[in-house]
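Asker: Input file: input_31.tsv. Contents: TSV, C-alpha atoms.
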```
chain	number	residue	atom	x	y	z
F	21	MET	CA	116.57	41.19	113.51
F	22	ALA	CA	114.56	44.26	114.16
F	23	SER	CA	115.97	46.79	116.61
F	24	ASP	CA	114.07	48.16	119.59
F	25	GLY	CA	111.91	51.25	118.95
F	26	VAL	CA	110.09	52.46	115.86
F	27	SER	CA	111.13	50.97	112.53
F	28	ALA	CA	112.42	53.46	109.95
F	29	GLY	CA	110.93	51.47	107.09
F	30	PRO	CA	112.58	49.90	104.07
F	31	LEU	CA	114.27	53.14	102.92
F	32	GLY	CA	116.10	53.59	106.17
F	33	PRO	CA	116.02	56.12	109.02
F	34	ARG	CA	117.71	58.95	107.08
F	35	TYR	CA	115.01	59.07	104.44
F	36	GLY	CA	112.24	59.24	107.04
F	37	SER	CA	114.01	62.10	108.81
F	38	ARG	CA	114.44	64.04	105.56
F	39	ALA	CA	110.78	63.62	104.66
F	40	ARG	CA	109.71	64.93	108.04
F	41	ASN	CA	112.06	67.89	107.74
F	42	ARG	CA	110.74	68.76	104.28
F	43	THR	CA	107.17	68.63	105.58
F	44	ILE	CA	108.04	70.96	108.45
F	45	VAL	CA	109.80	73.42	106.12
F	46	PHE	CA	106.86	73.39	103.72
F	47	LEU	CA	104.42	74.13	106.53
F	48	LEU	CA	106.62	76.97	107.81
F	49	VAL	CA	106.88	78.53	104.33
F	50	LEU	CA	103.11	78.22	103.84
F	51	ALA	CA	102.50	79.90	107.19
F	52	CYS	CA	104.79	82.78	106.19
F	53	ILE	CA	103.26	83.45	102.78
F	54	SER	CA	99.61	82.92	103.75
F	55	PRO	CA	99.08	86.57	104.83
F	56	THR	CA	100.55	87.76	101.53
F	57	LEU	CA	98.37	85.39	99.54
F	58	SER	CA	95.37	86.44	101.58
F	59	ARG	CA	96.03	90.11	100.84
F	60	PHE	CA	96.46	89.35	97.14
F	61	VAL	CA	93.15	87.51	96.99
F	62	THR	CA	91.40	90.19	99.07
F	63	LEU	CA	92.55	92.96	96.73
F	64	GLU	CA	90.65	91.27	93.92
F	65	LYS	CA	87.42	92.04	95.75
F	66	PRO	CA	85.83	95.51	95.32
F	67	PHE	CA	86.34	97.92	98.23
F	68	ALA	CA	88.30	95.36	100.24
F	69	THR	CA	89.41	97.94	102.82
F	70	ALA	CA	85.80	99.06	103.35
F	71	ALA	CA	84.72	95.43	103.77
F	72	LEU	CA	87.37	94.87	106.45
F	73	ARG	CA	86.31	98.13	108.14
F	74	GLY	CA	82.65	97.18	107.93
F	75	ARG	CA	81.58	100.54	106.48
F	76	LEU	CA	81.91	102.35	103.14
F	77	ILE	CA	83.20	105.92	103.44
F	78	VAL	CA	81.93	108.13	100.61
F	79	ALA	CA	83.02	111.73	100.07
F	80	VAL	CA	80.07	113.87	98.91
F	81	PRO	CA	79.56	117.65	98.48
F	82	PRO	CA	78.22	119.64	101.44
F	83	ARG	CA	75.19	121.91	101.22
F	84	PRO	CA	73.85	124.48	103.73
F	85	ALA	CA	71.44	123.17	106.33
F	86	PRO	CA	68.67	123.37	107.26
F	87	VAL	CA	67.25	123.55	103.76
F	88	LEU	CA	64.18	125.58	104.59
F	89	THR	CA	65.85	128.50	106.35
F	90	VAL	CA	64.88	131.60	104.37
F	91	GLY	CA	66.91	134.77	104.77
F	92	HIS	CA	70.06	134.46	106.85
F	93	VAL	CA	71.66	131.03	106.48
F	94	ASP	CA	74.28	129.75	108.91
F	95	ARG	CA	76.93	128.56	106.45
F	96	THR	CA	78.68	126.54	109.15
F	97	LEU	CA	75.78	124.07	109.22
F	98	ARG	CA	76.15	121.60	106.38
F	99	SER	CA	74.28	118.56	105.09
F	100	PRO	CA	75.07	116.11	102.26
F	101	ASP	CA	74.07	116.92	98.70
F	102	PRO	CA	70.88	114.83	98.38
F	103	PHE	CA	71.57	113.41	94.93
F	104	ALA	CA	75.16	112.40	95.73
F	105	ALA	CA	73.98	110.94	99.04
F	106	ALA	CA	71.35	108.83	97.23
F	107	LEU	CA	74.03	107.43	94.90
F	108	ALA	CA	76.32	106.70	97.85
F	109	GLU	CA	73.61	104.85	99.76
F	110	ASP	CA	72.72	102.68	96.77
F	111	LEU	CA	76.39	101.88	96.13
F	112	GLY	CA	76.70	100.76	99.75
F	113	ARG	CA	73.53	98.71	99.47
F	114	ARG	CA	74.93	96.85	96.47
F	115	LEU	CA	78.11	96.12	98.43
F	116	GLY	CA	76.17	95.09	101.51
F	117	LEU	CA	77.84	97.80	103.58
F	118	PRO	CA	76.48	100.72	105.64
F	119	VAL	CA	77.64	104.12	104.40
F	120	ASP	CA	79.40	106.96	106.19
F	121	LEU	CA	79.25	110.28	104.32
F	122	LEU	CA	82.32	112.51	104.42
F	123	LEU	CA	81.35	116.10	103.52
F	124	SER	CA	83.98	117.37	101.08
F	125	GLU	CA	84.14	119.81	98.19
F	126	PRO	CA	85.16	118.09	94.91
F	127	GLY	CA	88.89	118.88	95.24
F	128	ALA	CA	89.01	117.75	98.85
F	129	ALA	CA	86.95	114.66	98.00
F	130	ALA	CA	89.48	113.55	95.40
F	131	THR	CA	92.29	114.08	97.91
F	132	ALA	CA	90.39	112.08	100.54
F	133	VAL	CA	90.20	109.10	98.19
F	134	ALA	CA	93.83	109.45	97.09
F	135	THR	CA	95.02	109.46	100.72
F	136	GLY	CA	92.74	106.68	101.92
F	137	LYS	CA	90.44	108.83	104.06
F	138	ALA	CA	87.51	107.88	101.82
F	139	ASP	CA	86.82	104.83	99.70
F	140	VAL	CA	85.00	106.65	96.92
F	141	ALA	CA	84.10	110.21	95.90
F	142	ILE	CA	80.81	111.24	94.30
F	143	GLY	CA	79.88	114.78	93.30
F	144	GLY	CA	80.85	116.84	90.29
F	145	LEU	CA	84.26	115.29	89.59
F	146	SER	CA	85.71	115.55	86.10
F	147	PHE	CA	87.44	112.56	84.48
F	148	GLN	CA	91.07	112.90	85.62
F	149	PRO	CA	92.59	109.46	86.30
F	150	SER	CA	96.06	109.33	87.84
F	151	SER	CA	98.27	106.95	89.78
F	152	LYS	CA	96.30	107.84	92.92
F	153	LEU	CA	92.79	108.00	91.45
F	154	SER	CA	90.77	105.69	89.23
F	155	PHE	CA	87.55	106.66	87.46
F	156	SER	CA	84.79	104.73	85.82
F	157	PRO	CA	84.68	106.06	82.23
F	158	VAL	CA	80.86	106.22	82.41
F	159	SER	CA	79.30	109.49	83.60
F	160	TYR	CA	76.39	109.27	86.02
F	161	ALA	CA	75.00	112.64	84.87
F	162	THR	CA	71.79	112.02	82.93
F	163	GLY	CA	68.72	113.91	81.77
F	164	ARG	CA	68.51	117.37	80.22
F	165	GLY	CA	68.51	120.90	81.54
F	166	GLN	CA	65.89	123.55	80.73
F	167	ALA	CA	65.66	127.32	81.04
F	168	LEU	CA	62.73	129.06	82.67
F	169	VAL	CA	61.93	132.71	81.85
F	170	LEU	CA	59.08	135.18	82.32
F	171	ARG	CA	56.19	134.13	80.11
F	172	HIS	CA	55.62	137.66	78.77
F	173	GLY	CA	59.23	138.83	78.92
F	174	ASN	CA	61.71	139.69	76.18
F	175	VAL	CA	63.53	136.35	76.12
F	176	HIS	CA	61.97	133.72	73.87
F	177	ASP	CA	64.95	131.58	72.89
F	178	TRP	CA	68.43	130.63	74.15
F	179	ALA	CA	70.16	133.12	71.87
F	180	ALA	CA	68.34	135.96	73.63
F	181	LEU	CA	70.07	135.02	76.88
F	182	ARG	CA	73.35	136.50	75.58
F	183	GLY	CA	74.32	139.33	77.90
F	184	GLY	CA	71.66	138.31	80.40
F	185	SER	CA	72.06	136.32	83.61
F	186	ILE	CA	71.31	132.78	84.76
F	187	CYS	CA	70.40	131.75	88.31
F	188	THR	CA	71.83	128.40	89.39
F	189	SER	CA	73.17	126.66	92.48
F	190	THR	CA	76.54	125.24	93.49
F	191	GLY	CA	77.15	121.88	91.83
F	192	ASN	CA	74.36	122.31	89.26
F	193	ALA	CA	75.10	120.20	86.18
F	194	TYR	CA	73.36	122.53	83.70
F	195	GLY	CA	73.73	126.22	84.66
F	196	PRO	CA	77.48	126.69	84.08
F	197	ARG	CA	77.33	124.97	80.70
F	198	ALA	CA	74.32	127.03	79.61
F	199	ALA	CA	76.03	130.28	80.59
F	200	ARG	CA	79.20	129.32	78.72
F	201	LEU	CA	77.40	128.23	75.54
F	202	HIS	CA	75.02	131.19	75.36
F	203	GLY	CA	77.16	134.05	76.62
F	204	ALA	CA	75.18	134.70	79.80
F	205	ARG	CA	76.46	135.76	83.22
F	206	LEU	CA	76.20	133.02	85.80
F	207	ILE	CA	74.93	133.87	89.29
F	208	THR	CA	75.56	130.93	91.61
F	209	TYR	CA	73.81	130.41	94.92
F	210	ASP	CA	74.87	127.99	97.62
F	211	ARG	CA	71.47	126.29	97.82
F	212	PRO	CA	69.06	125.31	95.04
F	213	LEU	CA	66.29	126.97	97.06
F	214	ASP	CA	68.21	130.27	97.05
F	215	ALA	CA	68.52	130.11	93.25
F	216	LEU	CA	64.76	129.64	92.91
F	217	LEU	CA	63.96	132.49	95.30
F	218	ALA	CA	66.43	134.80	93.55
F	219	PHE	CA	64.91	134.04	90.15
F	220	GLN	CA	61.42	134.79	91.42
F	221	ALA	CA	62.72	138.04	92.91
F	222	GLY	CA	63.90	139.11	89.45
F	223	GLU	CA	67.63	138.84	90.12
F	224	CYS	CA	68.26	136.76	86.98
F	225	THR	CA	67.03	136.62	83.40
F	226	ALA	CA	66.55	132.87	83.52
F	227	LEU	CA	66.61	129.89	85.83
F	228	VAL	CA	68.46	126.88	84.43
F	229	ASP	CA	68.01	123.52	86.13
F	230	ASP	CA	67.18	119.86	85.68
F	231	GLU	CA	64.11	119.38	83.48
F	232	LEU	CA	62.52	117.41	86.33
F	233	VAL	CA	62.93	120.38	88.67
F	234	ILE	CA	61.35	122.71	86.08
F	235	LYS	CA	58.49	120.26	85.52
F	236	SER	CA	57.80	120.03	89.26
F	237	LEU	CA	57.84	123.82	89.71
F	238	LEU	CA	55.43	124.45	86.83
F	239	LYS	CA	52.80	122.35	88.55
F	240	GLN	CA	52.49	125.05	91.22
F	241	PRO	CA	50.21	128.09	90.68
F	242	ASP	CA	52.91	130.63	91.59
F	243	TRP	CA	55.00	129.44	88.64
F	244	SER	CA	52.32	129.94	85.99
F	245	TYR	CA	53.93	133.29	85.09
F	246	TYR	CA	56.96	131.50	83.64
F	247	SER	CA	57.56	129.41	80.54
F	248	VAL	CA	60.26	127.04	79.29
F	249	LEU	CA	62.55	128.08	76.45
F	250	PRO	CA	62.40	125.69	73.48
F	251	GLY	CA	65.28	123.23	73.41
F	252	ASP	CA	67.41	121.90	76.23
F	253	ILE	CA	71.00	121.44	77.34
F	254	ALA	CA	73.05	118.36	78.21
F	255	PRO	CA	74.51	118.04	81.70
F	256	THR	CA	78.19	118.49	82.47
F	257	PRO	CA	79.59	114.93	82.76
F	258	SER	CA	80.30	113.78	86.32
F	259	PHE	CA	82.38	110.77	87.33
F	260	ILE	CA	82.96	108.64	90.42
F	261	ALA	CA	86.50	108.29	91.79
F	262	THR	CA	88.05	105.30	93.56
F	263	ALA	CA	91.61	104.66	94.74
F	264	GLY	CA	94.26	104.45	92.03
F	265	GLY	CA	95.23	100.91	91.08
F	266	ASP	CA	92.14	99.40	92.69
F	267	THR	CA	90.83	97.83	89.51
F	268	ALA	CA	88.22	95.69	91.25
F	269	SER	CA	86.54	98.70	92.88
F	270	MET	CA	86.64	100.73	89.69
F	271	ARG	CA	85.03	97.89	87.76
F	272	PHE	CA	82.34	97.53	90.43
F	273	VAL	CA	81.54	101.25	90.21
F	274	ASP	CA	81.50	101.05	86.42
F	275	SER	CA	79.02	98.15	86.40
F	276	THR	CA	76.89	99.92	89.02
F	277	ILE	CA	76.64	103.12	86.97
F	278	ARG	CA	75.71	101.12	83.87
F	279	ALA	CA	73.02	99.32	85.88
F	280	TRP	CA	71.72	102.66	87.18
F	281	ARG	CA	71.45	104.01	83.65
F	282	GLN	CA	69.86	100.89	82.16
F	283	SER	CA	67.25	100.60	84.91
F	284	ARG	CA	66.49	104.35	84.91
F	285	TRP	CA	67.32	104.39	88.61
F	286	LEU	CA	69.19	107.70	88.11
F	287	THR	CA	66.01	109.25	86.73
F	288	THR	CA	64.12	108.08	89.80
F	289	ALA	CA	66.76	109.58	92.09
F	290	ARG	CA	66.71	112.89	90.18
F	291	GLU	CA	62.92	112.96	90.32
F	292	SER	CA	62.94	112.46	94.09
F	293	VAL	CA	65.34	115.38	94.55
F	294	ALA	CA	63.30	117.55	92.17
F	295	LYS	CA	60.01	116.90	93.95
F	296	GLN	CA	61.58	117.66	97.33
F	297	LEU	CA	63.00	120.95	96.04
F	298	ALA	CA	59.63	121.95	94.58
F	299	PHE	CA	57.97	121.11	97.88
F	300	ASP	CA	60.56	123.18	99.79
F	301	MET	CA	59.87	126.07	97.44
F	302	PHE	CA	56.12	125.75	98.02
F	303	ILE	CA	56.67	125.85	101.78
F	304	ALA	CA	58.94	128.89	101.49
F	305	GLU	CA	56.57	130.77	99.17
F	306	ASN	CA	53.64	130.22	101.51
F	307	ASP	CA	55.59	131.21	104.62
F	308	LEU	CA	55.09	127.78	106.18
F	309	TYR	CA	58.71	127.24	107.13
F	310	CYS	CA	59.87	127.35	110.73
F	311	HIS	CA	61.27	130.70	111.89
```
As structure tokens, what does this structure read like?
Answerer:
Amino acid sequence: MASDGVSAGPLGPRYGSRARNRTIVFLLVLACISPTLSRFVTLEKPFATAALRGRLIVAVPPRPAPVLTVGHVDRTLRSPDPFAAALAEDLGRRLGLPVDLLLSEPGAAATAVATGKADVAIGGLSFQPSSKLSFSPVSYATGRGQALVLRHGNVHDWAALRGGSICTSTGNAYGPRAARLHGARLITYDRPLDALLAFQAGECTALVDDELVIKSLLKQPDWSYYSVLPGDIAPTPSFIATAGGDTASMRFVDSTIRAWRQSRWLTTARESVAKQLAFDMFIAENDLYCH
């Protein structure tokens, strides 16, 4: 005869109670480990912290601003390096995230990434992976550098630069290497525009810069008195840093740099910066800047 209440089934009431208890324990364990599993899965995505934040923080080099101030420059006013900023914006676009730029010199930029204040650092970093920093092994520095000298001067080849001087700007990928290889004294200016103005004023034997900058300058009448030395120079390699151990982000950066190089996007970005610098120089030469 069946008893009053709910039947326990053919296996008896104890079995039904055990099954329910096991189900409850399983659900409790699943609830406890779900956050851990979620974090594990999230870490497999590139720039997971930035995605949760909703913005990508990129450390880039600072440059004096405004660009077109000629003469006294207020060094406390800074703006992002335009080339590094262009790379940062495109990286954010590929991630689907808006970008916040953190102005930092290369050493401080690496520290910002290592301590979590920035997600990525772009701007003149050498390849120095550690437990706190990861690097894509592919350099984003492309193109060639050229030297510009007086057309009717005494310097007609790179060897003749030995003992002379080279005008360049902070963060330039070509000037320091040219000076080291050819025994010239390097004179570094904070802004690319200052380096151009100093060269025209006769403060240096040569101007060494990106070939696209030189090409843009030579299109202007005031630069017809100068000529390019035969031959060129490779850029100093530059690498992008992400947080140490974050393999997914490093791989994303690596694939992005390779895509930039294959599509010639880096050349387009360099050309944009070069044309803007040549335009700024034209404005400065013709006294059209704002006083």
Asker: Which one is closest to Asp110 in chain F: F:Val273, F:Ile234, F:Ile303, F:Leu168? Count only C-alpha atoms.
Answerer: F:Val273
Asker: Tell me which protein, DNA and RNA residues are within 7 Å of Ile207 in chain F, counting only C-alpha atoms, leaving out same-chain ones fewer than 5 positions away, and put them as an NGL selection string.
Answerer: :F and (185-188)
Asker: Counting all atoms listed in the file, which residues of range 111-175 of chain F sit at most 8 Å from some atom of range 277-301 of chain F, and what is each one's closest atom pair with its distance in Å to one decimal, listed by chain and rising residue number, as CSV?
Answerer:
```
residue,atom,partner,partner_atom,distance
F:Val158,CA,F:Ile277,CA,6.9
F:Ser159,CA,F:Ile277,CA,7.7
F:Tyr160,CA,F:Ile277,CA,6.2
F:Thr162,CA,F:Leu286,CA,7.2
F:Gly163,CA,F:Thr287,CA,7.3
```
Asker: Produce the centre coordinates and the three edge lengths, each in Å to one decimal, of the box along x, y and z that contains all listed atoms of range 155-174 of chain F with 6 Å added on each side, as AutoDock Vina command-line options.
Answerer:
```
--center_x 71.6 --center_y 122.2 --center_z 81.8 --size_x 43.9 --size_y 47.0 --size_z 23.3
```
Asker: Within 8 Å of (50.7, 125.9, 98.3) in the file's own coordinates, which protein, DNA or RNA residues have an atom, counting only C-alpha atoms? List them as a VMD selection string.
Answerer: chain F and resid 240 to 241 302 to 303 305 to 306
Asker: Using all atoms listed in the file, pick whichever of F:Ser154, F:Thr225, F:Ser124, F:Thr131 has the shortest atom-to-atom distance to Ala268 in chain F.
Answerer: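 Nearest to Ala268 in chain F: F:Ser154.
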Asker: Hey, can you check how far CA of Val80 in chain F sits from CA of Ala261 in chain F?
Answerer: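 CA of Ala261 in chain F lies 11.1 Å from CA of Val80 in chain F.
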Asker: Hey, can you check how far CA of Ser269 in chain F sits from CA of Ala104 in chain F?
Answerer: 18.0 Å
Asker: Find, counting all atoms listed in the file, the residue in F:Arg205, F:Arg83, F:Arg164, F:Arg197 that gets nearest to Arg182 in chain F.
Answerer: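 Among the listed residues, the smallest separation from Arg182 in chain F belongs to F:Arg205.
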Asker: Go through F:Tyr209, F:Phe155, F:Trp243, F:Phe259 and flag the residue nearest Thr190 in chain F, using only C-alpha atoms for the distances.
Answerer: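 Distance minimum relative to Thr190 in chain F lands on F:Tyr209.
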Asker: Tell me, in Å to one decimal, how far CA of Asp210 in chain F is from CA of Val248 in chain F.
Answerer: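 So the answer is 23.5 Å.
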Asker: Go through F:Thr69, F:Ser150, F:Thr256, F:Gln166 one by one, measure the shortest atom-to-atom distance of each to Gly136 in chain F using all atoms listed in the file, and give the residue with the smallest value.
Answerer: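 Looking at the shortest contact to Gly136 in chain F, the residue is F:Thr69.
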Asker: Considering all atoms listed in the file, can you say which of F:Cys224, F:Ala71, F:Ala263, F:Leu217 comes closest to Asp242 in chain F?
Answerer: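 Selected residue with least distance to Asp242 in chain F: F:Leu217.
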